[in-house]
file run24.cif (mmCIF, C-alpha atoms; chains and numbers go by the auth columns)
data_upload
#
loop_
_atom_site.group_PDB
_atom_site.id
_atom_site.type_symbol
_atom_site.label_atom_id
_atom_site.label_comp_id
_atom_site.label_asym_id
_atom_site.label_seq_id
_atom_site.Cartn_x
_atom_site.Cartn_y
_atom_site.Cartn_z
_atom_site.B_iso_or_equiv
_atom_site.auth_seq_id
_atom_site.auth_asym_id
ATOM 1 C CA MET A 1 38.794 -22.710 65.495 0.00 1393 A
ATOM 2 C CA GLN A 2 40.832 -19.526 66.208 0.00 1394 A
ATOM 3 C CA ASN A 3 37.731 -17.943 67.735 0.00 1395 A
ATOM 4 C CA GLN A 4 37.474 -20.823 70.213 0.00 1396 A
ATOM 5 C CA TYR A 5 41.065 -20.205 71.353 0.00 1397 A
ATOM 6 C CA LYS A 6 40.514 -16.449 71.394 0.00 1398 A
ATOM 7 C CA GLU A 7 37.406 -16.885 73.578 0.00 1399 A
ATOM 8 C CA THR A 8 39.351 -19.109 75.982 0.00 1400 A
ATOM 9 C CA LEU A 9 42.155 -16.520 76.176 0.00 1401 A
ATOM 10 C CA LEU A 10 39.640 -13.689 76.606 0.00 1402 A
ATOM 11 C CA LYS A 11 37.946 -15.473 79.534 0.00 1403 A
ATOM 12 C CA PHE A 12 41.345 -16.065 81.165 0.00 1404 A
ATOM 13 C CA TYR A 13 42.409 -12.454 80.536 0.00 1405 A
ATOM 14 C CA ASN A 14 39.177 -11.008 81.966 0.00 1406 A
ATOM 15 C CA ARG A 15 39.428 -13.236 85.037 0.00 1407 A
ATOM 16 C CA GLU A 16 43.192 -12.908 85.721 0.00 1408 A
ATOM 17 C CA LYS A 17 43.866 -9.456 84.191 0.00 1409 A
ATOM 18 C CA ARG A 18 46.841 -10.894 82.306 0.00 1410 A
ATOM 19 C CA MET A 19 47.587 -13.222 79.416 0.00 1411 A
ATOM 20 C CA PRO A 20 48.344 -16.879 80.274 0.00 1412 A
ATOM 21 C CA THR A 21 51.786 -18.447 80.037 0.00 1413 A
ATOM 22 C CA TYR A 22 52.433 -21.235 77.492 0.00 1414 A
ATOM 23 C CA SER A 23 52.152 -23.812 80.304 0.00 1415 A
ATOM 24 C CA GLU A 24 48.800 -22.383 81.338 0.00 1416 A
ATOM 25 C CA MET A 25 47.635 -22.409 77.696 0.00 1417 A
ATOM 26 C CA MET A 26 48.521 -26.118 77.460 0.00 1418 A
ATOM 27 C CA LYS A 27 45.990 -26.758 80.238 0.00 1419 A
ATOM 28 C CA LEU A 28 43.438 -24.274 78.888 0.00 1420 A
ATOM 29 C CA PHE A 29 43.488 -25.767 75.377 0.00 1421 A
ATOM 30 C CA GLY A 30 43.980 -29.396 76.475 0.00 1422 A
ATOM 31 C CA PHE A 31 47.336 -29.751 74.672 0.00 1423 A
ATOM 32 C CA LYS A 32 50.183 -32.015 75.713 0.00 1424 A
ATOM 33 C CA SER A 33 53.020 -29.918 74.231 0.00 1425 A
ATOM 34 C CA LYS A 34 54.131 -26.306 74.116 0.00 1426 A
ATOM 35 C CA ASN A 35 54.756 -26.712 70.367 0.00 1427 A
ATOM 36 C CA ALA A 36 51.008 -27.080 69.803 0.00 1428 A
ATOM 37 C CA VAL A 37 50.446 -23.903 71.838 0.00 1429 A
ATOM 38 C CA ALA A 38 53.160 -22.097 69.843 0.00 1430 A
ATOM 39 C CA ARG A 39 51.398 -22.959 66.553 0.00 1431 A
ATOM 40 C CA ILE A 40 48.098 -21.569 67.867 0.00 1432 A
ATOM 41 C CA VAL A 41 49.837 -18.450 69.178 0.00 1433 A
ATOM 42 C CA GLU A 42 51.447 -17.858 65.758 0.00 1434 A
ATOM 43 C CA LYS A 43 48.017 -18.120 64.100 0.00 1435 A
ATOM 44 C CA LEU A 44 46.564 -15.666 66.625 0.00 1436 A
ATOM 45 C CA ILE A 45 49.482 -13.278 65.980 0.00 1437 A
ATOM 46 C CA ASP A 46 48.957 -13.568 62.197 0.00 1438 A
ATOM 47 C CA ALA A 47 45.245 -12.824 62.714 0.00 1439 A
ATOM 48 C CA GLY A 48 46.173 -9.683 64.699 0.00 1440 A
ATOM 49 C CA MET A 49 44.529 -10.893 67.906 0.00 1441 A
ATOM 50 C CA VAL A 50 47.659 -11.025 70.071 0.00 1442 A
ATOM 51 C CA THR A 51 51.249 -9.741 70.004 0.00 1443 A
ATOM 52 C CA LYS A 52 54.445 -10.414 71.949 0.00 1444 A
ATOM 53 C CA ASP A 53 56.616 -8.040 73.911 0.00 1445 A
ATOM 54 C CA SER A 54 60.432 -7.899 73.684 0.00 1446 A
ATOM 55 C CA LEU A 55 60.693 -10.768 76.181 0.00 1447 A
ATOM 56 C CA GLY A 56 58.332 -12.985 74.190 0.00 1448 A
ATOM 57 C CA ARG A 57 55.399 -12.627 76.577 0.00 1449 A
ATOM 58 C CA LEU A 58 51.942 -12.687 75.043 0.00 1450 A
ATOM 59 C CA LEU A 59 50.015 -9.398 74.979 0.00 1451 A
ATOM 60 C CA PRO A 60 46.479 -8.631 73.787 0.00 1452 A
ATOM 61 C CA ALA A 61 46.449 -6.762 70.457 0.00 1453 A
ATOM 62 C CA SER A 62 44.151 -3.768 70.030 0.00 1454 A
ATOM 63 C CA SER A 63 41.542 -6.013 68.386 0.00 1455 A
ATOM 64 C CA PHE A 64 41.589 -8.529 71.271 0.00 1456 A
ATOM 65 C CA ASN A 65 38.709 -6.959 73.235 0.00 1457 A
ATOM 66 C CA GLU A 66 36.662 -5.810 70.267 0.00 1458 A
ATOM 67 C CA VAL A 67 32.907 -6.191 70.309 0.00 1459 A
ATOM 68 C CA PRO A 68 30.819 -6.603 67.131 0.00 1460 A
ATOM 69 C CA LEU A 69 29.237 -3.366 65.875 0.00 1461 A
ATOM 70 C CA LEU A 70 26.072 -4.434 64.086 0.00 1462 A
ATOM 71 C CA GLY A 71 24.725 -1.084 62.953 0.00 1463 A
ATOM 72 C CA LEU A 72 21.933 1.260 64.032 0.00 1464 A
ATOM 73 C CA VAL A 73 18.816 0.639 66.064 0.00 1465 A
ATOM 74 C CA LYS A 74 15.826 2.969 65.813 0.00 1466 A
ATOM 75 C CA ALA A 75 14.821 4.622 69.053 0.00 1467 A
ATOM 76 C CA GLY A 76 11.603 5.888 67.456 0.00 1468 A
ATOM 77 C CA PHE A 77 9.196 3.723 65.469 0.00 1469 A
ATOM 78 C CA PRO A 78 10.114 0.046 64.993 0.00 1470 A
ATOM 79 C CA SER A 79 11.925 -0.912 61.811 0.00 1471 A
ATOM 80 C CA PRO A 80 13.091 -4.239 60.399 0.00 1472 A
ATOM 81 C CA GLY A 81 16.309 -5.374 62.062 0.00 1473 A
ATOM 82 C CA GLU A 82 19.069 -7.452 60.582 0.00 1474 A
ATOM 83 C CA ASP A 83 22.090 -8.967 62.270 0.00 1475 A
ATOM 84 C CA VAL A 84 24.642 -7.839 59.738 0.00 1476 A
ATOM 85 C CA LEU A 85 28.134 -7.512 61.118 0.00 1477 A
ATOM 86 C CA GLU A 86 29.346 -4.112 59.932 0.00 1478 A
ATOM 87 C CA THR A 87 32.620 -4.054 61.836 0.00 1479 A
ATOM 88 C CA THR A 88 34.014 -4.471 65.312 0.00 1480 A
ATOM 89 C CA MET A 89 34.993 -1.872 67.837 0.00 1481 A
ATOM 90 C CA ASN A 90 37.278 -1.780 70.819 0.00 1482 A
ATOM 91 C CA ILE A 91 35.329 -0.098 73.616 0.00 1483 A
ATOM 92 C CA ASP A 92 38.505 1.072 75.346 0.00 1484 A
ATOM 93 C CA ASN A 93 39.707 2.791 72.170 0.00 1485 A
ATOM 94 C CA PHE A 94 36.264 4.331 71.618 0.00 1486 A
ATOM 95 C CA LEU A 95 35.938 5.761 75.128 0.00 1487 A
ATOM 96 C CA ILE A 96 39.569 6.449 76.029 0.00 1488 A
ATOM 97 C CA GLN A 97 41.763 8.670 73.872 0.00 1489 A
ATOM 98 C CA ARG A 98 44.710 9.088 76.266 0.00 1490 A
ATOM 99 C CA LYS A 99 44.945 6.108 78.621 0.00 1491 A
ATOM 100 C CA ASP A 100 47.826 7.640 80.605 0.00 1492 A
ATOM 101 C CA ARG A 101 45.606 10.611 81.540 0.00 1493 A
ATOM 102 C CA THR A 102 42.304 8.791 82.017 0.00 1494 A
ATOM 103 C CA TYR A 103 40.509 7.525 85.091 0.00 1495 A
ATOM 104 C CA ILE A 104 36.979 6.507 86.093 0.00 1496 A
ATOM 105 C CA LEU A 105 34.864 7.966 88.896 0.00 1497 A
ATOM 106 C CA GLU A 106 31.559 6.790 90.337 0.00 1498 A
ATOM 107 C CA VAL A 107 28.910 9.527 90.404 0.00 1499 A
ATOM 108 C CA ASP A 108 27.456 10.421 93.794 0.00 1500 A
ATOM 109 C CA GLY A 109 24.420 12.708 93.548 0.00 1501 A
ATOM 110 C CA ASP A 110 22.003 13.997 90.954 0.00 1502 A
ATOM 111 C CA SER A 111 23.176 17.516 90.119 0.00 1503 A
ATOM 112 C CA MET A 112 23.939 16.426 86.509 0.00 1504 A
ATOM 113 C CA ILE A 113 20.766 14.424 85.866 0.00 1505 A
ATOM 114 C CA GLU A 114 19.601 16.666 82.995 0.00 1506 A
ATOM 115 C CA ALA A 115 22.920 15.880 81.259 0.00 1507 A
ATOM 116 C CA HIS A 116 21.904 12.198 81.603 0.00 1508 A
ATOM 117 C CA ILE A 117 24.500 11.546 84.313 0.00 1509 A
ATOM 118 C CA ALA A 118 22.835 9.852 87.279 0.00 1510 A
ATOM 119 C CA ASP A 119 23.801 8.713 90.758 0.00 1511 A
ATOM 120 C CA GLY A 120 25.749 5.448 90.463 0.00 1512 A
ATOM 121 C CA ASP A 121 26.896 6.047 86.866 0.00 1513 A
ATOM 122 C CA MET A 122 30.595 5.900 86.087 0.00 1514 A
ATOM 123 C CA VAL A 123 32.240 8.807 84.270 0.00 1515 A
ATOM 124 C CA ILE A 124 35.397 8.560 82.213 0.00 1516 A
ATOM 125 C CA ALA A 125 37.533 11.598 82.929 0.00 1517 A
ATOM 126 C CA GLU A 126 40.689 12.809 81.209 0.00 1518 A
ATOM 127 C CA ARG A 127 43.142 14.795 83.336 0.00 1519 A
ATOM 128 C CA THR A 128 43.660 18.366 82.190 0.00 1520 A
ATOM 129 C CA ASP A 129 43.901 21.790 83.777 0.00 1521 A
ATOM 130 C CA THR A 130 41.936 23.599 81.065 0.00 1522 A
ATOM 131 C CA ALA A 131 38.404 23.332 79.731 0.00 1523 A
ATOM 132 C CA LYS A 132 36.212 24.975 77.124 0.00 1524 A
ATOM 133 C CA ASP A 133 32.999 26.735 77.996 0.00 1525 A
ATOM 134 C CA GLY A 134 30.211 24.142 78.154 0.00 1526 A
ATOM 135 C CA GLU A 135 32.371 21.075 78.826 0.00 1527 A
ATOM 136 C CA ILE A 136 31.526 18.827 81.761 0.00 1528 A
ATOM 137 C CA VAL A 137 34.468 18.942 84.142 0.00 1529 A
ATOM 138 C CA ILE A 138 35.797 17.555 87.378 0.00 1530 A
ATOM 139 C CA ALA A 139 36.810 20.685 89.249 0.00 1531 A
ATOM 140 C CA GLU A 140 38.189 21.691 92.601 0.00 1532 A
ATOM 141 C CA VAL A 141 36.355 24.771 93.771 0.00 1533 A
ATOM 142 C CA ASP A 142 37.426 26.361 97.049 0.00 1534 A
ATOM 143 C CA GLY A 143 38.959 23.055 98.188 0.00 1535 A
ATOM 144 C CA GLU A 144 35.960 20.824 97.293 0.00 1536 A
ATOM 145 C CA PHE A 145 35.648 18.499 94.269 0.00 1537 A
ATOM 146 C CA THR A 146 32.572 18.407 92.053 0.00 1538 A
ATOM 147 C CA MET A 147 31.408 17.572 88.538 0.00 1539 A
ATOM 148 C CA LYS A 148 29.524 20.300 86.653 0.00 1540 A
ATOM 149 C CA TYR A 149 29.428 22.198 83.366 0.00 1541 A
ATOM 150 C CA PHE A 150 32.330 24.651 83.136 0.00 1542 A
ATOM 151 C CA ARG A 151 31.063 28.108 82.203 0.00 1543 A
ATOM 152 C CA LYS A 152 33.159 31.090 81.189 0.00 1544 A
ATOM 153 C CA GLU A 153 32.048 34.551 80.138 0.00 1545 A
ATOM 154 C CA GLY A 154 34.870 37.073 79.764 0.00 1546 A
ATOM 155 C CA ASN A 155 36.977 36.788 82.945 0.00 1547 A
ATOM 156 C CA LYS A 156 34.100 35.300 84.942 0.00 1548 A
ATOM 157 C CA VAL A 157 34.064 31.498 85.507 0.00 1549 A
ATOM 158 C CA TRP A 158 31.583 29.303 87.346 0.00 1550 A
ATOM 159 C CA LEU A 159 30.227 25.758 87.503 0.00 1551 A
ATOM 160 C CA GLN A 160 26.720 25.083 86.252 0.00 1552 A
ATOM 161 C CA PRO A 161 24.713 22.060 87.444 0.00 1553 A
ATOM 162 C CA ALA A 162 22.394 20.177 85.075 0.00 1554 A
ATOM 163 C CA ASN A 163 19.517 20.041 87.530 0.00 1555 A
ATOM 164 C CA LYS A 164 17.132 22.949 88.083 0.00 1556 A
ATOM 165 C CA ASN A 165 17.074 22.164 91.837 0.00 1557 A
ATOM 166 C CA PHE A 166 20.751 23.149 92.178 0.00 1558 A
ATOM 167 C CA LYS A 167 22.317 26.610 91.955 0.00 1559 A
ATOM 168 C CA PRO A 168 25.432 27.567 89.992 0.00 1560 A
ATOM 169 C CA ILE A 169 28.697 27.493 91.924 0.00 1561 A
ATOM 170 C CA TYR A 170 30.756 30.678 91.838 0.00 1562 A
ATOM 171 C CA PRO A 171 34.221 30.276 93.367 0.00 1563 A
ATOM 172 C CA GLU A 172 34.928 32.441 96.380 0.00 1564 A
ATOM 173 C CA ASN A 173 38.697 31.976 96.106 0.00 1565 A
ATOM 174 C CA ASP A 174 39.796 29.327 93.636 0.00 1566 A
ATOM 175 C CA LEU A 175 38.530 27.118 90.820 0.00 1567 A
ATOM 176 C CA GLN A 176 40.885 24.523 89.325 0.00 1568 A
ATOM 177 C CA ILE A 177 39.965 22.215 86.449 0.00 1569 A
ATOM 178 C CA ARG A 178 41.205 18.686 87.209 0.00 1570 A
ATOM 179 C CA ALA A 179 39.634 16.735 84.319 0.00 1571 A
ATOM 180 C CA VAL A 180 37.142 16.837 81.461 0.00 1572 A
ATOM 181 C CA VAL A 181 34.435 14.178 81.330 0.00 1573 A
ATOM 182 C CA ARG A 182 34.748 12.141 78.103 0.00 1574 A
ATOM 183 C CA GLY A 183 32.059 9.507 78.615 0.00 1575 A
ATOM 184 C CA VAL A 184 29.443 7.987 80.876 0.00 1576 A
ATOM 185 C CA ILE A 185 28.924 4.302 81.643 0.00 1577 A
ATOM 186 C CA ARG A 186 25.609 3.086 82.998 0.00 1578 A
ATOM 187 C CA LYS A 187 24.952 -0.541 83.789 0.00 1579 A
ATOM 188 C CA TYR A 188 21.381 -1.819 83.858 0.00 1580 A
#
call {"tool": "encode", "arguments": {"input": "run24.cif", "output": "structure tokens"}}
result
Amino acid sequence: MQNQYKETLLKFYNREKRMPTYSEMMKLFGFKSKNAVARIVEKLIDAGMVTKDSLGRLLPASSFNEVPLLGLVKAGFPSPGEDVLETTMNIDNFLIQRKDRTYILEVDGDSMIEAHIADGDMVIAERTDTAKDGEIVIAEVDGEFTMKYFRKEGNKVWLQPANKNFKPIYPENDLQIRAVVRGVIRKY
């Protein structure tokens, strides 16, 4: 029964980008009193699905948006599959380490196609001004922004595309790291 209420809250949250008020939950759940809503909310809090802030407003707990993680799937030869729930995972927590420093960009172009980053993909980038050799970065080079591999050899730095049809970019004046790419999202 809790899952039914959680699903209703999740649909509301995804549509409205906020948790519903108690009055809204009365309508959502078909209840006639706020006491009935309060009992459901307490059960959802006990189950770790929601929390409350200092003003008593409902907030999604870290497990609220979790998706079932069923296990592995072979990408080679077929193997028997079983729907065995191993655990759940929160996609935000998996992809985003530091939410306050993270943003998403849509990819325009195919200079990183050999790194499996295609035109129209979304990249998750974490703001930073430093990068390690070989990391994929968002960089400002001579006043223009681009996404490439950051390369460093001694005091020499450059940006390396992941497409043989593009040439490396050597800064004429300035190269500033703005972010490191942490993940790629592709929707089919």
call {"tool": "axis_aligned_box", "arguments": {"input": "run24.cif", "around": "stretch 1505-1522 of chain A", "padding_each_side": "5 Å", "output": "JSON"}}
result
{"center_x": 31.8, "center_y": 14.5, "center_z": 85.9, "size_x": 34.3, "size_y": 28.2, "size_z": 19.7}
call {"tool": "closest_residue", "arguments": {"input": "run24.cif", "among": "A:Tyr1541, A:Phe1558, A:Tyr1397, A:Phe1486", "to": "A:Ile1516", "atoms": "only C-alpha atoms"}}
result
A:Phe1486
call {"tool": "atom_distance", "arguments": {"input": "run24.cif", "atom1": "atom CA of A:Phe1542", "atom2": "atom CA of A:Ile1528"}}
result
6.0 Å
call {"tool": "resolve_selection", "arguments": {"input": "run24.cif", "expression": "the PyMOL selection byres ((chain A and resi 1540) around 7)", "output": "number ranges by chain"}}
result
A: 1504, 1528-1530, 1538-1539, 1541-1542, 1551-1553
call {"tool": "residues_around", "arguments": {"input": "run24.cif", "residues": "stretch 1511-1515 of chain A", "least_positions_apart": "4", "cutoff": "12 Å", "atoms": "all atoms listed in the file", "output": "ChimeraX atom specification"}}
result
/A:1487-1488,1494-1507,1528-1530,1539,1571-1580
call {"tool": "closest_residue", "arguments": {"input": "run24.cif", "among": "A:Asn1427, A:Asn1395, A:Asn1557, A:Gln1489", "to": "A:Tyr1414", "atoms": "only C-alpha atoms"}}
result
A:Asn1427
call {"tool": "atom_distance", "arguments": {"input": "run24.cif", "atom1": "atom CA of A:Arg1570", "atom2": "atom CA of A:Asn1547"}}
result
19.1 Å
call {"tool": "residues_near_point", "arguments": {"input": "run24.cif", "point": "(48.5, -20.9, 69.1)", "cutoff": "10 Å", "atoms": "all atoms listed in the file", "output": "PDB file with C-alpha atoms, in the coordinates of the input"}}
result
ATOM      1  CA  GLN A1394      40.832 -19.526  66.208  1.00  0.00           C
ATOM      2  CA  TYR A1397      41.065 -20.205  71.353  1.00  0.00           C
ATOM      3  CA  LYS A1398      40.514 -16.449  71.394  1.00  0.00           C
ATOM      4  CA  TYR A1414      52.433 -21.235  77.492  1.00  0.00           C
ATOM      5  CA  MET A1417      47.635 -22.409  77.696  1.00  0.00           C
ATOM      6  CA  MET A1418      48.521 -26.118  77.460  1.00  0.00           C
ATOM      7  CA  PHE A1421      43.488 -25.767  75.377  1.00  0.00           C
ATOM      8  CA  LYS A1426      54.131 -26.306  74.116  1.00  0.00           C
ATOM      9  CA  ASN A1427      54.756 -26.712  70.367  1.00  0.00           C
ATOM     10  CA  ALA A1428      51.008 -27.080  69.803  1.00  0.00           C
ATOM     11  CA  VAL A1429      50.446 -23.903  71.838  1.00  0.00           C
ATOM     12  CA  ALA A1430      53.160 -22.097  69.843  1.00  0.00           C
ATOM     13  CA  ARG A1431      51.398 -22.959  66.553  1.00  0.00           C
ATOM     14  CA  ILE A1432      48.098 -21.569  67.867  1.00  0.00           C
ATOM     15  CA  VAL A1433      49.837 -18.450  69.178  1.00  0.00           C
ATOM     16  CA  GLU A1434      51.447 -17.858  65.758  1.00  0.00           C
ATOM     17  CA  LYS A1435      48.017 -18.120  64.100  1.00  0.00           C
ATOM     18  CA  LEU A1436      46.564 -15.666  66.625  1.00  0.00           C
ATOM     19  CA  ILE A1437      49.482 -13.278  65.980  1.00  0.00           C
ATOM     20  CA  VAL A1442      47.659 -11.025  70.071  1.00  0.00           C
TER      21      VAL A1442
END
